[in-house]
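Data block for entry_20.cif (mmCIF, C-alpha atoms):
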data_target
#
loop_
_atom_site.label_atom_id
_atom_site.label_comp_id
_atom_site.auth_asym_id
_atom_site.auth_seq_id
_atom_site.Cartn_x
_atom_site.Cartn_y
_atom_site.Cartn_z
CA MET E 1 0.00 0.00 0.00
CA TYR E 2 2.74 2.45 0.93
CA MET E 3 4.77 1.48 -2.10
CA ILE E 4 1.83 1.77 -4.48
CA ASN E 5 1.03 5.30 -3.41
CA LEU E 6 4.69 6.24 -3.22
CA ASN E 7 4.12 9.40 -5.23
CA TYR E 8 1.59 10.80 -2.77
CA ASN E 9 3.76 9.89 0.20
CA PHE E 10 6.87 11.43 -1.28
CA SER E 11 5.08 14.66 -2.16
CA LEU E 12 3.79 14.88 1.41
CA LEU E 13 7.32 14.32 2.71
CA LEU E 14 8.60 17.07 0.40
CA PHE E 15 5.85 19.32 1.74
CA CYS E 16 7.13 18.90 5.30
CA LEU E 17 10.82 19.16 4.39
CA GLY E 18 10.13 22.38 2.50
CA LEU E 19 8.34 23.76 5.54
CA TYR E 20 11.26 22.64 7.72
CA VAL E 21 13.72 24.62 5.60
CA VAL E 22 11.49 27.71 5.71
CA PHE E 23 11.32 27.57 9.51
CA ALA E 24 14.79 26.33 10.42
CA SER E 25 17.09 28.15 8.04
CA LYS E 26 18.67 31.46 9.01
CA ASP E 27 19.45 32.32 5.41
CA ARG E 28 16.78 34.21 3.50
CA PHE E 29 17.96 32.91 0.14
CA LYS E 30 17.64 29.32 1.35
CA LYS E 31 14.21 30.08 2.79
CA LEU E 32 13.02 31.16 -0.67
CA PHE E 33 14.09 27.83 -2.13
CA GLY E 34 12.41 26.05 0.77
CA LEU E 35 9.21 27.74 -0.37
CA THR E 36 9.90 26.59 -3.93
CA ILE E 37 10.16 22.98 -2.74
CA PHE E 38 6.97 23.46 -0.78
CA GLN E 39 5.26 24.63 -3.96
CA THR E 40 6.72 21.83 -6.08
CA SER E 41 5.39 19.25 -3.63
CA VAL E 42 1.84 20.51 -4.14
CA LEU E 43 2.23 20.48 -7.93
CA TRP E 44 3.70 16.97 -7.76
CA PHE E 45 0.77 15.79 -5.67
CA TYR E 46 -1.85 17.10 -8.09
CA ILE E 47 -0.10 15.74 -11.17
CA SER E 48 0.13 12.35 -9.42
CA LEU E 49 -3.64 12.43 -8.94
CA SER E 50 -4.12 12.78 -12.69
CA LYS E 51 -2.05 9.73 -13.63
CA ILE E 52 -3.71 6.63 -15.05
CA TYR E 53 -1.69 3.54 -15.95
CA ASN E 54 -1.59 2.69 -19.65
CA ALA E 55 -3.23 5.99 -20.51
CA GLN E 56 -2.06 8.56 -23.01
CA PRO E 57 -1.28 12.27 -22.67
CA PRO E 58 -4.52 14.25 -23.15
CA ILE E 59 -4.20 15.05 -26.85
CA CYS E 60 -6.72 13.38 -29.09
CA SER E 61 -7.27 13.83 -32.78
CA ALA E 62 -10.62 13.60 -34.50
CA SER E 63 -12.75 10.70 -33.35
CA ASP E 64 -10.19 8.98 -31.12
CA CYS E 65 -11.36 10.79 -28.02
CA LEU E 66 -13.95 8.24 -26.94
CA ASN E 67 -12.06 5.04 -27.63
CA LYS E 68 -8.78 5.57 -25.82
CA LEU E 69 -7.83 6.19 -22.23
CA TYR E 70 -6.41 9.60 -21.36
CA SER E 71 -4.90 10.94 -18.17
CA ASN E 72 -6.89 13.58 -16.34
CA PRO E 73 -6.30 16.96 -18.07
CA LEU E 74 -7.78 19.22 -15.39
CA PRO E 75 -4.90 19.11 -12.85
CA HIS E 76 -2.48 19.69 -15.73
CA VAL E 77 -4.14 22.98 -16.59
CA LEU E 78 -4.27 24.20 -13.01
CA MET E 79 -0.65 23.28 -12.26
CA LEU E 80 0.71 24.63 -15.54
CA THR E 81 -0.39 28.14 -14.67
CA ALA E 82 0.70 27.68 -11.05
CA ILE E 83 4.30 26.98 -12.12
CA VAL E 84 4.54 30.26 -14.04
CA VAL E 85 2.85 32.17 -11.21
CA GLY E 86 5.40 30.51 -8.90
CA ILE E 87 8.36 31.98 -10.74
CA ALA E 88 6.79 35.46 -10.75
CA THR E 89 6.31 35.34 -6.98
CA LEU E 90 9.82 33.91 -6.50
CA ALA E 91 11.17 36.89 -8.45
CA VAL E 92 9.30 39.26 -6.12
CA GLY E 93 11.04 37.42 -3.28
CA PHE E 94 14.42 37.97 -4.95
CA ALA E 95 13.73 41.68 -5.44
CA LEU E 96 12.83 42.04 -1.75
CA LEU E 97 15.93 40.01 -0.78
CA ILE E 98 18.17 42.33 -2.80
CA ARG E 99 16.66 45.41 -1.16
CA ILE E 100 16.93 43.94 2.36
CA GLU E 101 20.49 42.65 2.11
CA ASN E 102 21.81 45.77 0.42
CA SER E 103 20.22 48.11 2.96
CA LYS E 104 22.16 46.54 5.85
CA ASP E 105 25.56 47.94 4.94
CA MET W 1 3.88 -0.25 -17.22
CA MET W 2 6.51 -1.89 -15.02
CA ILE W 3 9.43 0.11 -16.39
CA GLU W 4 7.39 3.26 -15.84
CA VAL W 5 6.98 2.38 -12.17
CA TYR W 6 10.69 1.67 -11.78
CA LEU W 7 11.59 4.99 -13.41
CA ILE W 8 9.20 6.85 -11.10
CA GLN W 9 10.73 5.15 -8.07
CA PHE W 10 14.23 5.95 -9.29
CA ILE W 11 13.41 9.63 -9.74
CA ILE W 12 11.83 9.78 -6.31
CA PHE W 13 14.96 8.20 -4.81
CA VAL W 14 17.30 10.68 -6.52
CA SER W 15 15.11 13.64 -5.54
CA PHE W 16 15.14 12.45 -1.95
CA LEU W 17 18.95 12.44 -1.95
CA LEU W 18 18.92 15.91 -3.52
CA ILE W 19 16.58 17.24 -0.84
CA LEU W 20 18.88 15.92 1.90
CA PHE W 21 21.77 17.62 0.13
CA PHE W 22 19.75 20.84 0.02
CA ILE W 23 18.90 20.72 3.73
CA ARG W 24 22.57 20.24 4.61
CA SER W 25 23.95 22.74 2.10
CA LYS W 26 25.80 25.71 3.51
CA ASP W 27 26.65 27.60 0.35
CA ARG W 28 24.28 29.74 -1.65
CA LEU W 29 25.66 28.63 -4.99
CA ASP W 30 25.07 24.99 -4.00
CA ILE W 31 21.43 25.88 -3.49
CA VAL W 32 21.15 27.27 -7.03
CA ILE W 33 22.69 24.08 -8.44
CA PHE W 34 20.31 22.01 -6.35
CA SER W 35 17.36 24.01 -7.63
CA GLY W 36 18.34 23.45 -11.26
CA SER W 37 18.79 19.70 -10.90
CA PHE W 38 15.63 19.30 -8.87
CA SER W 39 13.69 21.22 -11.51
CA LEU W 40 15.05 18.90 -14.23
CA LEU W 41 14.06 15.80 -12.25
CA THR W 42 10.61 17.25 -11.67
CA ALA W 43 10.18 17.87 -15.39
CA VAL W 44 11.09 14.24 -16.19
CA MET W 45 8.68 13.13 -13.48
CA TYR W 46 5.83 15.14 -15.01
CA LEU W 47 6.60 13.57 -18.37
CA LEU W 48 6.39 10.09 -16.82
CA LEU W 49 3.07 11.03 -15.25
CA ASP W 50 1.66 11.77 -18.75
CA ALA W 51 1.66 15.53 -18.37
CA PRO W 52 3.78 16.83 -21.29
CA ASP W 53 2.45 20.38 -21.04
CA VAL W 54 3.41 20.68 -17.40
CA ALA W 55 6.80 19.07 -18.06
CA MET W 56 7.52 21.59 -20.77
CA THR W 57 6.53 24.48 -18.54
CA GLU W 58 8.72 23.20 -15.72
CA ALA W 59 11.68 22.76 -18.07
CA ALA W 60 11.32 26.28 -19.49
CA VAL W 61 10.76 27.87 -16.10
CA GLY W 62 13.63 25.97 -14.44
CA VAL W 63 16.09 27.78 -16.71
CA LEU W 64 14.61 31.14 -15.76
CA VAL W 65 14.75 30.32 -12.03
CA THR W 66 18.47 29.56 -12.35
CA ILE W 67 19.13 32.81 -14.23
CA PHE W 68 17.16 34.90 -11.76
CA SER W 69 18.79 33.34 -8.70
CA ILE W 70 22.30 33.83 -10.13
CA TYR W 71 21.55 37.50 -10.74
CA ALA W 72 20.01 37.86 -7.29
CA LEU W 73 23.21 36.40 -5.81
CA LYS W 74 25.27 38.81 -7.86
CA ALA W 75 23.24 41.75 -6.60
CA VAL W 76 23.55 40.80 -2.92
CA HIS W 77 27.38 40.84 -3.00
CA TYR W 78 27.72 37.08 -3.03
CA VAL W 79 30.99 36.01 -1.49
CA ASP W 80 31.93 32.43 -0.85
CA LYS W 81 31.24 32.43 2.87
CA GLU W 82 29.38 29.77 4.77
CA ILE W 83 25.87 30.31 6.03
CA GLU W 84 25.68 29.68 9.76
CA ASP W 85 22.89 27.19 9.35
CA LYS W 86 22.68 24.71 12.18
CA PHE W 87 20.72 21.51 11.89
CA ASN W 88 17.65 22.01 14.05
CA LEU W 89 16.80 18.56 15.42
CA PRO W 90 13.52 19.35 17.29
CA LEU W 91 12.07 21.10 14.24
CA PHE W 92 13.23 18.28 11.96
CA VAL W 93 11.57 15.67 14.17
CA LEU W 94 8.43 17.80 14.23
CA ALA W 95 8.45 18.03 10.43
CA LEU W 96 8.94 14.26 10.08
CA GLY W 97 6.13 13.65 12.58
CA PHE W 98 3.83 15.92 10.61
CA ALA W 99 4.84 14.09 7.43
CA SER W 100 4.06 10.69 8.95
CA LEU W 101 0.64 11.93 10.07
CA LEU W 102 -0.09 13.19 6.55
CA ILE W 103 1.13 9.92 5.02
CA TYR W 104 -1.11 8.02 7.41
CA ALA W 105 -4.03 10.14 6.22
CA ALA W 106 -3.00 9.63 2.58
CA LYS W 107 -4.19 6.02 2.80
CA ASP W 108 -7.69 7.31 2.00
CA LEU W 109 -6.66 8.99 -1.23
CA PRO W 110 -7.76 7.50 -4.56
CA GLU W 111 -5.39 4.76 -5.62
CA PHE W 112 -2.49 5.88 -7.80
CA GLY W 113 -2.92 5.16 -11.49
CA ASN W 114 -6.37 3.62 -11.23
CA GLU W 115 -8.90 4.76 -13.83
CA HIS W 116 -11.98 3.86 -11.79
CA THR W 117 -11.46 6.30 -8.93
CA ILE W 118 -13.79 9.22 -8.34
CA SER W 119 -11.29 11.86 -9.44
CA GLN W 120 -11.15 10.46 -12.98
CA GLN W 121 -14.88 10.01 -13.45
CA THR W 122 -16.80 13.28 -13.36
CA LEU W 123 -15.42 16.52 -14.75
CA ALA W 124 -12.38 15.08 -16.50
CA ALA W 125 -14.55 12.57 -18.35
CA TYR W 126 -16.74 15.43 -19.57
CA TYR W 127 -13.75 17.38 -20.89
CA ILE W 128 -12.24 14.36 -22.63
CA GLU W 129 -15.55 13.42 -24.21
CA ASN W 130 -16.65 16.86 -25.38
CA THR W 131 -13.51 18.82 -26.25
CA TYR W 132 -13.43 17.75 -29.85
CA LYS W 133 -17.17 18.16 -30.29
CA GLU W 134 -17.51 21.56 -28.66
CA ILE W 135 -14.13 23.24 -29.19
CA GLY W 136 -12.73 21.39 -32.18
CA ILE W 137 -9.06 21.34 -31.20
CA ASP W 138 -6.84 18.38 -30.39
CA SER W 139 -5.13 19.43 -27.19
CA ILE W 140 -7.58 19.04 -24.31
CA VAL W 141 -5.28 20.99 -22.01
CA ALA W 142 -5.27 24.01 -24.33
CA ALA W 143 -9.06 23.81 -24.66
CA ILE W 144 -9.58 23.85 -20.89
CA LEU W 145 -6.91 26.51 -20.41
CA ALA W 146 -8.21 29.02 -22.91
CA SER W 147 -11.88 28.22 -23.29
CA TYR W 148 -13.56 26.18 -20.55
CA ARG W 149 -11.57 27.83 -17.78
CA GLY W 150 -10.58 31.00 -19.62
CA PHE W 151 -11.56 33.24 -16.74
CA ASP W 152 -9.22 31.34 -14.44
CA THR W 153 -6.29 31.77 -16.84
CA LEU W 154 -7.10 35.47 -17.31
CA LEU W 155 -6.61 36.14 -13.63
CA GLU W 156 -3.56 33.86 -13.36
CA THR W 157 -1.93 35.87 -16.14
CA LEU W 158 -2.85 39.02 -14.23
CA VAL W 159 -1.07 37.61 -11.17
CA ILE W 160 2.07 37.02 -13.25
CA LEU W 161 1.84 40.57 -14.62
CA VAL W 162 1.38 42.03 -11.14
CA GLY W 163 4.38 39.98 -9.96
CA GLY W 164 6.52 41.49 -12.71
CA LEU W 165 5.31 45.01 -11.96
CA SER W 166 6.03 44.48 -8.24
CA VAL W 167 9.62 43.55 -9.08
CA LEU W 168 9.79 46.75 -11.16
CA LEU W 169 8.51 48.84 -8.26
CA ILE W 170 10.69 47.18 -5.61
CA SER W 171 13.96 47.34 -7.59
CA PRO W 172 16.05 50.49 -7.19
CA VAL W 173 15.88 53.03 -10.00
CA ILE W 174 19.12 53.45 -11.91
CA ALA W 175 19.67 57.03 -13.01
CA SER W 176 21.32 56.32 -16.35
CA ARG W 177 18.57 53.92 -17.36
CA ALA W 178 15.85 56.31 -16.32
CA GLN W 179 17.17 59.18 -18.44
CA GLN W 180 17.37 57.10 -21.58
CA SER W 181 15.15 58.58 -24.23
CA MET W 182 14.65 55.67 -26.60
CA ASP W 183 12.56 52.67 -25.69
CA CYS W 184 14.84 50.10 -27.28
CA HIS W 185 18.12 50.14 -29.09
CA VAL W 186 20.68 47.56 -30.10
CA PRO W 187 24.30 48.67 -29.73
CA LYS W 188 26.53 48.80 -32.79
CA ALA W 189 28.78 45.91 -33.77
CA LEU W 190 31.89 47.39 -32.16
CA ALA W 191 30.31 47.58 -28.76
CA MET W 192 29.36 43.93 -28.87
CA ALA W 193 32.89 42.64 -28.77
CA SER W 194 33.47 43.16 -25.08
CA ARG W 195 30.57 41.20 -23.63
CA MET W 196 31.84 37.61 -23.61
CA ASP W 197 34.58 35.47 -25.13
CA LEU W 198 34.51 34.42 -28.75
CA LEU W 199 33.58 30.77 -28.26
CA THR W 200 30.52 31.54 -26.15
CA ARG W 201 29.34 34.17 -28.62
CA LYS W 202 29.72 31.87 -31.63
CA LEU W 203 27.92 29.07 -29.85
CA VAL W 204 25.08 31.31 -28.77
CA ARG W 205 24.74 32.74 -32.27
CA PHE W 206 24.31 29.16 -33.45
CA ILE W 207 21.80 28.07 -30.80
CA LEU W 208 19.78 31.25 -30.35
CA PRO W 209 17.68 31.01 -33.56
CA VAL W 210 16.77 27.44 -32.63
CA ILE W 211 15.50 28.51 -29.21
CA ILE W 212 13.41 31.36 -30.64
CA LEU W 213 12.08 29.14 -33.43
CA PHE W 214 11.09 26.44 -30.95
CA GLY W 215 9.34 29.06 -28.83
CA LEU W 216 7.37 30.27 -31.84
CA TYR W 217 6.55 26.67 -32.76
CA LEU W 218 5.17 26.06 -29.27
CA GLN W 219 3.13 29.24 -29.57
CA MET W 220 1.61 28.35 -32.93
CA HIS W 221 1.02 24.65 -32.36
CA GLY W 222 -0.41 25.03 -28.89
CA GLU W 223 -3.81 23.75 -30.01
CA ILE W 224 -2.72 20.52 -31.64
CA SER W 225 0.26 19.47 -29.55
CA PRO W 226 1.69 20.04 -26.06
CA GLY W 227 2.65 23.66 -25.60
CA GLY W 228 0.92 26.99 -25.64
CA GLY W 229 1.29 30.54 -24.48
CA PHE W 230 2.92 29.92 -21.11
CA GLN W 231 5.63 27.57 -22.39
CA ALA W 232 6.28 29.68 -25.49
CA GLY W 233 6.50 32.85 -23.42
CA ALA W 234 9.08 31.36 -21.07
CA MET W 235 11.06 29.88 -23.98
CA ILE W 236 11.18 33.11 -26.02
CA ALA W 237 12.11 35.09 -22.91
CA THR W 238 14.99 32.66 -22.35
CA GLY W 239 16.20 33.33 -25.90
CA PHE W 240 16.11 37.11 -25.44
CA ILE W 241 17.85 36.84 -22.07
CA LEU W 242 20.60 34.73 -23.65
CA TYR W 243 21.05 37.40 -26.33
CA ASP W 244 21.20 40.12 -23.72
CA MET W 245 23.67 38.22 -21.54
CA VAL W 246 26.09 37.03 -24.17
CA ILE W 247 25.93 38.92 -27.42
CA ALA W 248 24.85 42.47 -26.72
CA LYS W 249 23.12 44.52 -24.13
CA ALA W 250 19.90 45.23 -26.00
CA MET W 251 18.90 48.24 -24.05
CA CYS W 252 15.16 48.04 -23.62
CA THR W 253 13.88 50.22 -20.82
CA ARG W 254 12.00 48.49 -18.06
CA GLN W 255 9.03 50.72 -18.73
CA PHE W 256 8.88 49.63 -22.36
CA THR W 257 8.94 45.94 -21.36
CA ALA W 258 6.24 46.55 -18.79
CA LYS W 259 4.10 48.21 -21.45
CA ILE W 260 4.46 45.17 -23.70
CA ALA W 261 3.43 42.90 -20.83
CA VAL W 262 0.35 44.98 -20.17
CA LEU W 263 -0.40 44.91 -23.90
CA GLY W 264 -0.31 41.11 -23.86
CA TRP W 265 -2.73 40.91 -20.98
CA SER W 266 -4.97 43.49 -22.69
CA ILE W 267 -5.18 41.30 -25.80
CA TYR W 268 -6.62 38.55 -23.59
CA PHE W 269 -8.98 40.93 -21.80
CA ILE W 270 -10.22 42.60 -24.99
CA THR W 271 -10.95 39.18 -26.50
CA GLY W 272 -13.27 38.66 -23.56
CA ILE W 273 -14.84 42.09 -24.01
CA ILE W 274 -15.53 41.44 -27.71
CA GLY W 275 -17.55 38.40 -26.74
CA LEU W 276 -19.47 40.59 -24.32
CA LEU W 277 -20.15 43.27 -26.96
CA LEU W 278 -21.44 40.75 -29.48
CA GLY W 279 -24.11 39.55 -27.12
CA ALA W 280 -22.54 36.53 -25.44
CA GLU W 281 -20.93 36.18 -22.02
CA PHE W 282 -17.46 37.42 -21.11
CA LEU W 283 -14.83 35.16 -22.75
CA ASN W 284 -17.45 33.21 -24.63
CA TYR W 285 -16.12 32.60 -28.15
CA ASN W 286 -19.21 30.94 -29.56
CA ILE W 287 -20.32 34.13 -31.29
CA PHE W 288 -20.27 32.85 -34.87
CA ASP W 289 -22.31 29.82 -33.93
CA SER W 290 -19.56 27.47 -35.09
CA MET W 291 -16.17 26.16 -34.07
CA ILE W 292 -14.36 28.93 -35.97
CA GLY W 293 -15.10 31.35 -33.16
CA GLN W 294 -13.61 28.96 -30.61
CA LYS W 295 -10.45 28.50 -32.66
CA ILE W 296 -9.92 32.22 -33.25
CA GLY W 297 -10.61 32.94 -29.59
CA ILE W 298 -8.16 30.33 -28.31
CA ILE W 299 -5.38 31.39 -30.69
CA THR W 300 -5.80 35.07 -29.74
CA VAL W 301 -5.86 34.27 -26.05
CA GLU W 302 -2.74 32.10 -26.29
CA LEU W 303 -0.99 34.90 -28.19
CA GLY W 304 -1.89 37.35 -25.43
CA VAL W 305 -0.63 34.95 -22.77
CA GLY W 306 2.61 34.38 -24.69
CA ILE W 307 3.33 38.10 -25.04
CA ALA W 308 2.44 38.81 -21.42
CA VAL W 309 4.55 35.98 -19.99
CA SER W 310 7.64 36.62 -22.13
CA ALA W 311 7.55 40.38 -21.50
CA THR W 312 7.08 39.85 -17.76
CA MET W 313 10.03 37.45 -17.59
CA LEU W 314 12.19 39.93 -19.53
CA LEU W 315 11.05 42.72 -17.20
CA ILE W 316 12.06 40.67 -14.16
CA TYR W 317 15.40 39.90 -15.80
CA PHE W 318 16.09 43.57 -16.55
CA CYS W 319 15.20 44.55 -12.99
CA LEU W 320 17.33 41.85 -11.33
CA SER W 321 20.33 42.15 -13.65
CA GLU W 322 20.96 45.86 -13.13
CA ASP W 323 24.42 46.39 -11.80
CA VAL W 324 23.38 48.18 -8.62
CA HIS W 325 26.88 48.41 -7.21
CA ASP W 326 28.06 50.73 -9.94
CA GLN W 327 25.76 53.37 -8.56
CA SER W 328 26.57 55.23 -5.40
CA LYS W 329 23.05 55.39 -4.02
CA LEU W 330 20.21 52.95 -4.17
#
Rewrite the structure of this file - the entire thing - as structure tokens.
Amino acid sequence: MYMINLNYNFSLLLFCLGLYVVFASKDRFKKLFGLTIFQTSVLWFYISLSKIYNAQPPICSASDCLNKLYSNPLPHVLMLTAIVVGIATLAVGFALLIRIENSKD
Amino acid sequence: MMIEVYLIQFIIFVSFLLILFFIRSKDRLDIVIFSGSFSLLTAVMYLLLDAPDVAMTEAAVGVLVTIFSIYALKAVHYVDKEIEDKFNLPLFVLALGFASLLIYAAKDLPEFGNEHTISQQTLAAYYIENTYKEIGIDSIVAAILASYRGFDTLLETLVILVGGLSVLLISPVIASRAQQSMDCHVPKALAMASRMDLLTRKLVRFILPVIILFGLYLQMHGEISPGGGFQAGAMIATGFILYDMVIAKAMCTRQFTAKIAVLGWSIYFITGIIGLLLGAEFLNYNIFDSMIGQKIGIITVELGVGIAVSATMLLIYFCLSEDVHDQSKL
């Protein structure tokens, strides 16, 4: 059971390790990447939910759509936009980091 | 099926080792290297989980994350000194305890890879069954992204745009850049020589057209194959950044780039408004009572997303790559 759902379990472990880095690290730069891991774990979890064994990527031409098995396209759409939003927010974090660390000296 | 499972387990094992390396790492440059390799592994993982669109996005965005973090390190006076980062045992035990509780709860989740679970039955089945009938394009992901859930994507693009504009507002203003009169100019051939060494420049000249061409391909074939506005935007932005880094400083002002990003988002928004003016709902493309409207709508929307994303990424790059230490005041 634990081996079958390995993907879920690993994403949950990543979730907690990302949180650990955010809380435990003294370095702001490392904290930002802890948040990135935290985000990746959620994406990983949702994409794992959409997987079906022996299915195809959700691209069907013409009349094939009903006959074949496709993986779930909905989590793909939601996570695809979340990745790009993630980098925009990470960049805001970098800009703040630059301002904070340069204002100290 | 079996080899797929083994590959997934292998990637999980390697990522676990990488995460341990990340937790122990004491150097900021190590963290950037970790981030790049983890992003690559994640992209391969998405591909194995039958999500080519997401894998492509992750691959394109992973490059940008590396570039941005290197420039952020450069701007914060990175010197090779160790972070005083002690291993915090109580917090680590707490995190592991939390993880084991979550894993215990994860027993109730739908079984991995099974087609008969509840999450595969309802909405996803509707999309897979009706995309070709109602929208008329091959890629189900593109159909959901731009048509079924167009409103969602509109606001997500707005979030990206606002993120880029926040970086613009947070970053210090450089006097020389602010006084520049032109929006964009490419320096003359003589000025180019000093940027990088010959080998790098020749190599980049060779590879740059391929990157841009692939970005445009992703943009134009988003409806019939994996790809679309987000991936194409990130890819084209990577090409322009490479040009800026290696060959010549193409001096676009930040304001000009921001305007282009807003233009891209406006294309998306105005597409929605046109539907409204012609008597349908906002972002409803069914105004010609055929599939032509859907196709035109999706292509326009993807174009808007592509422009907005690439311009926003370029804007972030311009803001982070300014050489702040040349200026006396911030």
- Spell out the residues picked by the PyMOL selection byres ((chain W and resi 231) around 8) here, as JSON, numbers by chain. {"W": [53, 56, 57, 60, 215, 218, 219, 227, 228, 229, 230, 232, 233, 234, 235, 306]}
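In this comparison, which uses only C-alpha atoms, the residue of E:Leu97, E:Leu90, E:Ile59, E:Leu14 approaching Trp44 of chain E most closely is E:Leu14.
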- Message: With the PyMOL selection byres ((chain W and resi 125) around 10) as the selection, what would be picked from this file? Answer as JSON, numbers by chain, please.
- Response: {"E": [66, 70, 71, 72, 73, 74], "W": [119, 120, 121, 122, 123, 124, 126, 127, 128, 129, 130]}
- Message: Quick one: residues within 12 Å of Gly34 of chain E, all atoms listed in the file, excluding same-chain residues fewer than 6 positions away - as a PyMOL selection string?
- Response: (chain E and resi 14-28+40-41+90) or (chain W and resi 19+22-23+31-32+34-35)
- Item | Chain and number of each residue from the PyMOL selection byres ((chain E and resi 78) around 10), as a PyMOL selection string | (chain E and resi 43+46-47+73-77+79-83) or (chain W and resi 54+141+144-145+149+152-153+156)
If you take every atom of segment 3-16 of chain E that the file lists and fit an axis-aligned box around them with 8 Å extra on each side, what centre and edge lengths come out in Å to one decimal, as lines of an AutoDock Vina configuration file?
center_x = 4.8
center_y = 10.4
center_z = 0.0
size_x = 23.6
size_y = 33.8
size_z = 26.5
- From atom CA of Leu263 of chain W to atom CA of Tyr285 of chain W the spacing works out at 20.4 Å
- Just give me the residues with any atom within 10 Å of (9.9, 44.2, -19.0), file coordinates, counting only C-alpha atoms, written as a ChimeraX atom specification. /W:161,164-165,167-168,252-262,308-319
- Could you work out how far atom CA of Ala88 of chain E lies from atom CA of Gln39 of chain E, giving the answer in Å with one decimal?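 Taking atom CA of Gln39 of chain E as the start and atom CA of Ala88 of chain E as the end point, the length is 12.9 Å.
Reported to one decimal place, the separation of atom CA of Val42 of chain E from atom CA of Ser11 of chain E is 7.0 Å.
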List every residue of segment 283-304 of chain W that has an atom at most 12 Å from any atom of segment 132-137 of chain W, and for each one report the closest atom pair and its distance in Å to one decimal, counting all atoms listed in the file, with rows sorted by chain and then by increasing residue number, as a Markdown table.
| residue | atom | partner | partner_atom | distance |
| --- | --- | --- | --- | --- |
| W:Asn284 | CA | W:Ile135 | CA | 11.5 |
| W:Tyr285 | CA | W:Ile135 | CA | 9.6 |
| W:Asn286 | CA | W:Ile135 | CA | 9.2 |
| W:Asp289 | CA | W:Glu134 | CA | 10.9 |
| W:Ser290 | CA | W:Glu134 | CA | 9.0 |
| W:Met291 | CA | W:Ile135 | CA | 6.0 |
| W:Ile292 | CA | W:Gly136 | CA | 8.6 |
| W:Gly293 | CA | W:Ile135 | CA | 9.1 |
| W:Gln294 | CA | W:Ile135 | CA | 5.9 |
| W:Lys295 | CA | W:Ile135 | CA | 7.3 |
| W:Ile296 | CA | W:Ile135 | CA | 10.7 |
| W:Gly297 | CA | W:Ile135 | CA | 10.3 |
| W:Ile298 | CA | W:Ile135 | CA | 9.3 |
| W:Ile299 | CA | W:Ile137 | CA | 10.7 |
- Task: Select, from W:Ala142, W:Val61, W:Ile273, W:Leu73, the residue with the minimum atom-to-atom distance to Pro58 of chain E, counting only C-alpha atoms.
- Result: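 Closest residue, counting only C-alpha atoms: W:Ala142.
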- Task: Counting only C-alpha atoms, note down every residue that has an atom within 12 Å of the point (12.7, 40.6, -2.0) (file coordinates), as a ChimeraX atom specification.
- Result: /E:28-29,31-32,88-103 /W:69,72-73,75-76,163,166-172,319-320
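Considering the residues W:Ala43, W:Leu91, W:Val14, W:Val79 and counting all atoms listed in the file, chain E has its shortest atom-to-atom contact with W:Leu91.
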- Message: So that I can check the surroundings of segment 5-8 of chain E, please list as an NGL selection string every protein, DNA and RNA residue that reaches within 12 Å of it, counting all atoms listed in the file and ignoring chain neighbours fewer than 3 positions away.
- Response: (:E and (1-2 or 11-15 or 41-51)) or (:W and (5-13 or 15-16 or 45-46 or 48-49 or 99-100 or 102-114))
